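Please read the structure below before turning to the comments.
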Amino acid sequence: MALRDTFADAVTTILDAFGDLIPDVEYHRVVLGDYNPTTGVVAKTDTTITTRGAMYQEKEASKDWSKPNEDSKRLLIAGDELGVQPQAQQDYVVLGGITYEIQRFDTIPGDVAYILYIRAP
């Protein structure tokens, strides 16, 4: 088994260990299409991916990001379960009916997991 597979299995095991405490996450992948000069609108395609994620409150300021407030959270998602690389400022997630914007993200080497820095608008 390759090292990447070992790390990917570890992330899945962590999420599995929390069982029902880990909520379902609706990850919305937004792909921009053509610009229509007549209407002034850019076409968008929104694809929903349902996965699991461990969300926790951000308590400390991260490097290269603004100071957290009560709406600042982090979300750990397994890369194999998500299946796409996140896009900050474009994609968004929905947890418990609340929509969160992805401000930025960190990648765990090998794309085994992503840490999304999210904030409710």
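In the structure tokens, each chain is lettered A, B, ... as it comes, each chain's residues begin at 1, and ligands are numbered from 1 in order of appearance.
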For Phe105 in chain A, list every protein, DNA or RNA residue within 7 Å, evaluated using only C-alpha atoms, and leave out those in the same chain fewer than 4 positions away; present the list as a ChimeraX atom specification.
/A:88,114-117
Enumerate, as a ChimeraX atom specification, the complete set of residues in range 4-120 of chain A that a backbone-based DSSP assignment places in helix (DSSP H, G or I).
/A:4-21,79-82,109-111
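For the residues A:Gly96, A:Pro121, A:Pro109, A:Gly40, ranking by smallest atom-to-atom distance to Asp24 in chain A using only C-alpha atoms places A:Gly96 first.
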Near Thr50 in chain A, within 8 Å and counting only C-alpha atoms, which residues show up once chain neighbours fewer than 2 positions away are dropped, as an MDAnalysis selection string?
chainID A and resid 24:27 48 52 82
Using only C-alpha atoms, please write the residues we just selected to a file, as a PDB file, in the first residue's frame.
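Result file is out02.pdb:
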ATOM      1  CA  ASP A  24     -23.497  15.443   5.825  1.00  0.00           C
ATOM      2  CA  VAL A  25     -22.062  18.293   3.810  1.00  0.00           C
ATOM      3  CA  GLU A  26     -23.458  19.526   0.520  1.00  0.00           C
ATOM      4  CA  TYR A  27     -20.434  20.704  -1.423  1.00  0.00           C
ATOM      5  CA  THR A  48     -23.850  19.214  -5.652  1.00  0.00           C
ATOM      6  CA  ARG A  52     -19.023  14.132   5.211  1.00  0.00           C
ATOM      7  CA  LEU A  82     -15.029  14.836  -2.297  1.00  0.00           C
TER       8      LEU A  82
END
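With only C-alpha atoms taken into account, the protein and nucleic acid residues at most 10 Å from Pro23 in chain A (excluding it and anything under 4 positions from it in its own chain) are Phe18, Gly19, Thr51, Arg52, Gly53, Ala54, Met55, Leu95 and Gly96 of chain A.
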Could you write out that same residue set with N, CA and C atoms as a PDB file, in the first residue's frame?
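The new file part.pdb reads:
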ATOM      1  N   PHE A  18     -16.161   9.161  14.308  1.00  0.00           N
ATOM      2  CA  PHE A  18     -17.140  10.086  14.862  1.00  0.00           C
ATOM      3  C   PHE A  18     -18.569   9.699  14.505  1.00  0.00           C
ATOM      4  N   GLY A  19     -18.744   8.790  13.577  1.00  0.00           N
ATOM      5  CA  GLY A  19     -20.061   8.257  13.231  1.00  0.00           C
ATOM      6  C   GLY A  19     -21.086   9.333  12.925  1.00  0.00           C
ATOM      7  N   THR A  51     -21.083  14.738   0.866  1.00  0.00           N
ATOM      8  CA  THR A  51     -19.964  14.066   1.515  1.00  0.00           C
ATOM      9  C   THR A  51     -20.084  14.266   3.019  1.00  0.00           C
ATOM     10  N   ARG A  52     -19.044  13.915   3.765  1.00  0.00           N
ATOM     11  CA  ARG A  52     -19.023  14.132   5.211  1.00  0.00           C
ATOM     12  C   ARG A  52     -17.914  15.112   5.537  1.00  0.00           C
ATOM     13  N   GLY A  53     -18.082  15.812   6.655  1.00  0.00           N
ATOM     14  CA  GLY A  53     -17.040  16.741   7.053  1.00  0.00           C
ATOM     15  C   GLY A  53     -17.072  17.010   8.536  1.00  0.00           C
ATOM     16  N   ALA A  54     -15.906  17.219   9.116  1.00  0.00           N
ATOM     17  CA  ALA A  54     -15.791  17.565  10.533  1.00  0.00           C
ATOM     18  C   ALA A  54     -15.577  19.069  10.617  1.00  0.00           C
ATOM     19  N   MET A  55     -16.564  19.783  11.171  1.00  0.00           N
ATOM     20  CA  MET A  55     -16.484  21.236  11.266  1.00  0.00           C
ATOM     21  C   MET A  55     -16.108  21.629  12.690  1.00  0.00           C
ATOM     22  N   LEU A  95     -24.274  23.274   5.340  1.00  0.00           N
ATOM     23  CA  LEU A  95     -24.317  22.378   6.499  1.00  0.00           C
ATOM     24  C   LEU A  95     -25.504  22.779   7.357  1.00  0.00           C
ATOM     25  N   GLY A  96     -26.376  21.834   7.620  1.00  0.00           N
ATOM     26  CA  GLY A  96     -27.526  22.119   8.467  1.00  0.00           C
ATOM     27  C   GLY A  96     -28.387  23.257   7.954  1.00  0.00           C
TER      28      GLY A  96
END
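Using only C-alpha atoms, the shortest contact distance between Asp46 in chain A and any of A:Asp111, A:Asp106, A:Glu101, A:Asp91 is found at A:Asp91.
When only C-alpha atoms are used to compute distances to Tyr56 in chain A, the closest of the residues A:Val112, A:Ile14, A:Leu21, A:Leu75 turns out to be A:Leu75.
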Calculated over only C-alpha atoms, which of the candidates A:Val84, A:Ala78, A:Leu32, A:Ile22 has the smallest distance to Ile108 in chain A?
A:Ala78
Identify, with DSSP run on backbone atoms, the residues in chain A assigned to strand (DSSP E or B), and express the list as a PyMOL selection string.
chain A and resi 24-36+41-52+54-57+72-78+92-95+98-108+113-119
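Non-sequential neighbours of Ala113 in chain A (distance at most 10 Å, separation of 5 or more positions within a chain, only C-alpha atoms) are Phe7, Ala8, Val11, Thr12, Leu76, Ile77, Ala78, Gly79, Asp80, Glu81, Leu82, Gln85, Asp106, Thr107 and Ile108 of chain A.
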Writer output for current selection, N, CA and C atoms, as an mmCIF file, in the first residue's frame:
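Result saved to out-v1.cif:
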data_model
loop_
_atom_site.group_PDB
_atom_site.id
_atom_site.type_symbol
_atom_site.label_atom_id
_atom_site.label_comp_id
_atom_site.auth_asym_id
_atom_site.auth_seq_id
_atom_site.Cartn_x
_atom_site.Cartn_y
_atom_site.Cartn_z
ATOM 1 N N PHE A 7 -2.460 7.412 4.277
ATOM 2 C CA PHE A 7 -2.983 8.672 4.813
ATOM 3 C C PHE A 7 -4.470 8.848 4.482
ATOM 4 N N ALA A 8 -4.867 8.484 3.276
ATOM 5 C CA ALA A 8 -6.274 8.588 2.887
ATOM 6 C C ALA A 8 -7.141 7.697 3.770
ATOM 7 N N VAL A 11 -7.607 9.345 7.237
ATOM 8 C CA VAL A 11 -8.613 10.407 7.256
ATOM 9 C C VAL A 11 -10.015 9.801 7.289
ATOM 10 N N THR A 12 -10.255 8.791 6.475
ATOM 11 C CA THR A 12 -11.559 8.124 6.461
ATOM 12 C C THR A 12 -11.851 7.471 7.805
ATOM 13 N N LEU A 76 -13.013 19.897 7.740
ATOM 14 C CA LEU A 76 -12.125 18.841 7.241
ATOM 15 C C LEU A 76 -12.948 17.894 6.389
ATOM 16 N N ILE A 77 -12.527 17.724 5.132
ATOM 17 C CA ILE A 77 -13.214 16.823 4.201
ATOM 18 C C ILE A 77 -12.177 15.872 3.602
ATOM 19 N N ALA A 78 -12.519 14.599 3.529
ATOM 20 C CA ALA A 78 -11.638 13.603 2.909
ATOM 21 C C ALA A 78 -11.586 13.839 1.403
ATOM 22 N N GLY A 79 -10.396 13.903 0.861
ATOM 23 C CA GLY A 79 -10.222 14.149 -0.565
ATOM 24 C C GLY A 79 -10.842 13.085 -1.443
ATOM 25 N N ASP A 80 -10.729 11.814 -1.030
ATOM 26 C CA ASP A 80 -11.297 10.721 -1.829
ATOM 27 C C ASP A 80 -12.819 10.780 -1.865
ATOM 28 N N GLU A 81 -13.439 11.271 -0.775
ATOM 29 C CA GLU A 81 -14.894 11.365 -0.744
ATOM 30 C C GLU A 81 -15.392 12.567 -1.544
ATOM 31 N N LEU A 82 -14.606 13.644 -1.560
ATOM 32 C CA LEU A 82 -15.029 14.836 -2.297
ATOM 33 C C LEU A 82 -14.861 14.629 -3.800
ATOM 34 N N GLN A 85 -10.942 19.049 -6.463
ATOM 35 C CA GLN A 85 -10.188 19.993 -5.651
ATOM 36 C C GLN A 85 -11.046 21.236 -5.429
ATOM 37 N N ASP A 106 -6.660 24.616 2.565
ATOM 38 C CA ASP A 106 -5.343 23.991 2.631
ATOM 39 C C ASP A 106 -5.496 22.560 2.150
ATOM 40 N N THR A 107 -4.476 22.072 1.474
ATOM 41 C CA THR A 107 -4.469 20.705 0.969
ATOM 42 C C THR A 107 -3.493 19.877 1.785
ATOM 43 N N ILE A 108 -3.948 18.738 2.266
ATOM 44 C CA ILE A 108 -3.056 17.782 2.904
ATOM 45 C C ILE A 108 -2.325 17.072 1.768
#
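With only C-alpha atoms as the atoms that count, the residue of A:Lys73, A:Arg29, A:Leu15, A:Gly83 with the shortest distance to Gln103 in chain A is A:Lys73.
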